[in-house]
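Undergrad: Please read through the structure below; I'll follow up with questions.
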There are 2 protein chains.
Amino acid sequence: MAVTIREVAEAAGVSTATVSRALRGLPYVDDATRLRVLAAAANLDYVVSPSASRLASGRTGSIAVVTPFIARWFFSTVLSGVEQVTHDAGLDLLLLGVGDPDRPSEVPTEQRLRQRADGAIIVALPADDPEVRALLNANLPVSIVGSLVPDVPCVAIDDAEAARKATAHLLNLGHRRIAVISGSRIGSIYTTQEHRYRGYCDALSTVGIEPDPTLVAFGQFTREGGEQAMVELLNLTLMPTAVFCMSDEMAFGASVALRRRGLVAGVDISLIGIDGHPQSEVIDLTTVEQPVESMGRFAAESLLAVLGLTPPPERAPGLVSTRLVPRGSTASPRDGG
Amino acid sequence: MAVTIREVAEAAGVSTATVSRALRGLPYVDDATRLRVLAAAANLDYVVSPSASRLASGRTGSIAVVTPFIARWFFSTVLSGVEQVTHDAGLDLLLLGVGDPDRPSEVPTEQRLRQRADGAIIVALPADDPEVRALLNANLPVSIVGSLVPDVPCVAIDDAEAARKATAHLLNLGHRRIAVISGSRIGSIYTTQEHRYRGYCDALSTVGIEPDPTLVAFGQFTREGGEQAMVELLNLTLMPTAVFCMSDEMAFGASVALRRRGLVAGVDISLIGIDGHPQSEVIDLTTVEQPVESMGRFAAESLLAVLGLTPPPERAPGLVSTRLVPRGSTASPRDGG
DNA sequence: ATGAAAGCGCTAACAC
DNA sequence: GTGTTAGCGCTTTCAT
C-alpha cells in the first residue's frame, strides 16, 4: 500500500532506526545522513503511519476538544483558536461533542478519549459534571476554558466581575429596576451563571437594591430562550427599565421580543449582554467583551506546555480581562428610572 | 499501562481473537461466549487501543472535516451536523483547518490526511483549488459541501437559483436599481459566487435589465467586508434602491453601514441575503434560507455510505432546496424605483 | 553515529 | 465456534 519506513531506509541506505531518528529531528544523526534520509522520504512521498507510530511510542500526537455545542459562537470561536495552535504544533485535533441532551452518549467521555488524545480541552462544561470529574481523575492532561478548577490549567473571565460591570453600567445610567436573563434556574452546577448572578446582585447591593426574584428570567443561553424570557419580563405589571442578559445571544433574542412589541432597545428599555459576539455590533448592543479566540489559543498553549511539547506560555493561566463596550442599546431610563 | 485485549481474553477464558470478534459484534461467536467477553471487558474497563486496531486493520475509524474558517457560522454549523453523524456512528472526527492565508500550511493537505482518516468532508472549498484537486486524486473517499463536483458525493444549494430568487423578490417589489455584494472579484475559482452572480444577472435579464458593473461591490463574505462594500454603494451618485448580498454575514455588515448613515433597511434601501443565519431573524433580514446543518449531516451520511459503513442515505445527493424568507428588510422602493 | 531486534496491541487468515 | 499465529509499521533499548 503506502510507502513504509523500510523503503525509505533502503532508498537512503540506512536502517529504519536511523530514518526514524532523522525524520523526527532527533540528535545523533550525521548531517549528511539526515539529508539523505530527508531526500529519500520526500522522493518517495513518504508520510509516517500515525497508527504505527502511536502504537510504538504510546503518544497519539493529538489533542481533543470536548464541547457541548459546536455551532454556537462561543464554542466555535474557542475551537478556532485551539485549531490555530494545534495546527502550528503539528498535532491532530479531535472534536468530541458531548452532553447534548437530545443525543445522550452511550459511551462515557473518558472512554471516548482514552488512547485517542494526549490531552483534552474542555470548553464551558461545569466542573461538577460527572463526565468532567471522570476526565479530571483519568490522569489525562486537561485544560479548561470557561471555568476555574483548582490544580488544572484554566482560562476564563471573572464572571462575577463581568456581570458587575454590566449591571453597574446600567446603574450609572440611572436604572434602578434592572432585570436579569440567566441561563437556567439559579442554583445549578453551571458555575458561569451562578457567578454572573452573584455579580449582578453585588452591583445592585452597592446602591442598596435587593435583588427582586420576579426580575429574574431564564433563557437557556439561546436566542430563542432569550426571546421567551424577555416576553415574560415585558408581561410584568411593573416592567424593568433595563435588562442584563448573561450572554449576547440571549440579548439578541431579547431584542427580537422588544421589536415584536414595538419597543426599541436603548430607548424604551436598555439591554446589555456579555460576550462581544460579532453580531452585537450589528444590532448596536452594549456588551462586556471577552477575548474568546485568544482564550482558545491560550488553553491550547497551556495544554501543550503541560504535555512538555512547548515552553509554558508567557501569561500565567487563569483569568483574562473583559471590557465594557458601550453602544446604543443602553441609555438613561426615559423617566429617570 | 492500559488494559489490553490479552487480559480480557484471560479473564474470559478465551483467545484474543475471540475477544476481538465478540467486541466488534462479528458473527461466529457463541452468545454465551460473547456475554462472558463483554462482561470481562466491562469489568476491566477495557477500551480497544485505536492505534493497534488501526495498524492491524488498516482502517482508522475516523473521518476528517477540511475547512478554511472554523468559526464562521456556515462552517461551524456544517461541522455540527457532521459531528452528530460521526458521533452516532462511533467514528472519530478530525478537524483540519486549511487555506487561511494568514497561516499557510507547510504540509499539503493530502499529506496531513494520509493514514489519518478513512474519508474527508470538504466544506466550501473551490474544486479548482490545487489542494482539493490533490485530495480528490488521492483516492481518499470524499464528500463535498457547498459545491458540485462530478463523480463525487456532494451536497449544495443551487446557487444560481437562490440568487435568482433573491433578486426576483426585489424585482417583484418594484426595484430596478439593484446592487450586488459579492465575495471577491467575479471570475475567481470560487464557484459559489460565480453562480450567484449568474443568478442575479439572469433575474435582471427577465425584466430586460443589463447588469451594471458599478453596482457590484465586494465583501469577501465577511461582515466587515459587507460593511465596506455597502459604504461604496452608498457613495455612488446614483444609489441602488436595493442590495442583494451573497451572504447574510455581508448583509449584516451592510446593515451596519446603513445605520451609520442614518438609513433604515426596508425603508430607505432594501436588503436581502442568502443563508438563513440565525441572526437574520434578529435584524429582520430577508434571506434565502439553506438547510446548513442537514447539509453537514447529509455529507457525513453520504461519506459513511461510500465507506460501506451504512446503507446509502435516502435522498439522492446533490442539490438541496432553498426557501425565501421575506422579512422587514425588503419592501417596495420609496419612489416606485 | 548507526544497526539489530524486540515489542507496542490489535486483526485476519487459516486451521481445527 | 474458537484458537494459533503472523504480521501491521513504527519506536526504542541495547549493542557496537
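In the C-alpha cells, chains take the letters A, B, ... in the order shown, each chain's residues start at 1, and ligands count up from 1 in the order shown.
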Env of stretch 11-15 of chain C: 8 Å cut, atoms = only C-alpha atoms (C1' of nucleotides), seq-sep filter 3 positions within chain, self excluded. Answer as a PyMOL selection string.

TA: chain B and resi 17+20+53+56-57

Undergrad: I need the chosen residues saved as a PDB file, in the first residue's frame, with N, CA and C atoms.

TA:
ATOM      1  N   ALA B  17      -8.415 -13.517  19.806  1.00  0.00           N
ATOM      2  CA  ALA B  17      -9.192 -13.439  18.571  1.00  0.00           C
ATOM      3  C   ALA B  17     -10.683 -13.416  18.886  1.00  0.00           C
ATOM      4  N   SER B  20     -11.704 -10.135  20.247  1.00  0.00           N
ATOM      5  CA  SER B  20     -11.800  -9.166  19.166  1.00  0.00           C
ATOM      6  C   SER B  20     -13.121  -9.325  18.421  1.00  0.00           C
ATOM      7  N   SER B  53      -5.493  -1.201  16.697  1.00  0.00           N
ATOM      8  CA  SER B  53      -6.563  -1.650  15.818  1.00  0.00           C
ATOM      9  C   SER B  53      -6.390  -1.092  14.409  1.00  0.00           C
ATOM     10  N   ALA B  56      -3.434  -2.738  12.599  1.00  0.00           N
ATOM     11  CA  ALA B  56      -3.713  -4.104  12.170  1.00  0.00           C
ATOM     12  C   ALA B  56      -4.752  -4.149  11.057  1.00  0.00           C
ATOM     13  N   SER B  57      -5.734  -3.283  11.137  1.00  0.00           N
ATOM     14  CA  SER B  57      -6.845  -3.390  10.190  1.00  0.00           C
ATOM     15  C   SER B  57      -6.690  -2.505   8.966  1.00  0.00           C
TER      16      SER B  57
END

Undergrad: Tell me, counting only C-alpha atoms, for each residue of chain A within 7 Å of chain B, which pair of atoms is nearest and how far apart they are in Å to one decimal, in rows ordered by chain and increasing number, as a tab-separated table.

TA:
residue	atom	partner	partner_atom	distance
A:Val47	CA	B:Gln111	CA	6.8
A:Ser49	CA	B:Gln115	CA	6.1
A:Pro50	CA	B:Gln115	CA	6.8
A:Ser51	CA	B:Ser51	CA	4.4
A:Ala52	CA	B:Leu55	CA	5.8
A:Arg54	CA	B:Ser51	CA	6.0
A:Leu55	CA	B:Ser51	CA	5.3
A:Ile70	CA	B:Ser80	CA	5.5
A:Ala71	CA	B:Ser76	CA	4.9
A:Ser76	CA	B:Ala71	CA	4.9
A:Thr77	CA	B:Ala71	CA	4.9
A:Ser80	CA	B:Ile70	CA	5.5
A:Glu83	CA	B:Gly97	CA	6.9
A:Leu93	CA	B:Leu95	CA	5.5
A:Leu94	CA	B:Leu94	CA	4.8
A:Leu95	CA	B:Leu93	CA	5.5
A:Gly97	CA	B:Glu83	CA	6.9
A:Gln111	CA	B:Val47	CA	6.8
A:Gln115	CA	B:Ser49	CA	6.2
A:Arg116	CA	B:Pro50	CA	6.9
A:Phe252	CA	B:Val282	CA	6.2
A:Gly253	CA	B:Val282	CA	6.9
A:Val256	CA	B:Val282	CA	5.6
A:Val282	CA	B:Val256	CA	5.6
A:Ile283	CA	B:Ile283	CA	6.9

Undergrad: Run DSSP on the backbone and tell me which residues of stretch 56-106 of chain A come out as strand (DSSP E or B); list them as a list in words.

TA: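 Strand (DSSP E or B) assignments inside stretch 56-106 of chain A correspond to Ser62, Ile63, Ala64, Val65, Val66, Thr67, Asp92, Leu93, Leu94, Leu95, Leu96 and Gly97 of chain A.
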
Undergrad: Identify every residue of chain C that has at least one atom within 8 Å of any atom of chain B, counting only C-alpha atoms (C1' of nucleotides), and report the result as a PyMOL selection string.

TA: chain C and resi 8-11

Undergrad: Residues at most 7 Å from B:Val325, counting only C-alpha atoms (C1' of nucleotides), excluding those fewer than 2 positions away in the same chain, as a list of chain:residue names?

TA: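 Once the nearby chain positions are removed, what remains is B:Thr286, B:Thr287, B:Val288, B:Glu289, B:Arg323, B:Arg327.
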
Undergrad: Residues of stretch 232-290 of chain A in helix (DSSP H, G or I) according to DSSP, as an MDAnalysis selection string?

TA: chainID A and resid 232:234 248:260 278:282

Undergrad: Include C-alpha atoms and write out the residues we just selected as a compact mmCIF listing (two decimals), in the first residue's frame.

TA:
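What ended up in out37.txt:
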# COMPACT_ATOMS: atom_id res chain seq x y z
CA GLU A 232 -42.06 37.22 30.34
CA LEU A 233 -40.33 40.31 31.61
CA LEU A 234 -42.39 42.51 29.33
CA ASP A 248 -25.18 38.26 23.81
CA GLU A 249 -27.15 35.50 22.12
CA MET A 250 -29.88 35.81 24.73
CA ALA A 251 -29.76 39.56 24.27
CA PHE A 252 -30.35 39.02 20.57
CA GLY A 253 -33.47 37.08 21.41
CA ALA A 254 -34.49 39.78 23.84
CA SER A 255 -34.13 42.40 21.15
CA VAL A 256 -36.42 40.41 18.90
CA ALA A 257 -39.03 40.31 21.65
CA LEU A 258 -38.69 44.06 22.02
CA ARG A 259 -39.18 44.66 18.33
CA ARG A 260 -42.25 42.46 18.20
CA PRO A 278 -19.59 39.93 16.36
CA GLN A 279 -23.31 40.44 15.87
CA SER A 280 -23.55 42.67 18.90
CA GLU A 281 -22.09 45.44 16.83
CA VAL A 282 -24.64 44.75 14.12
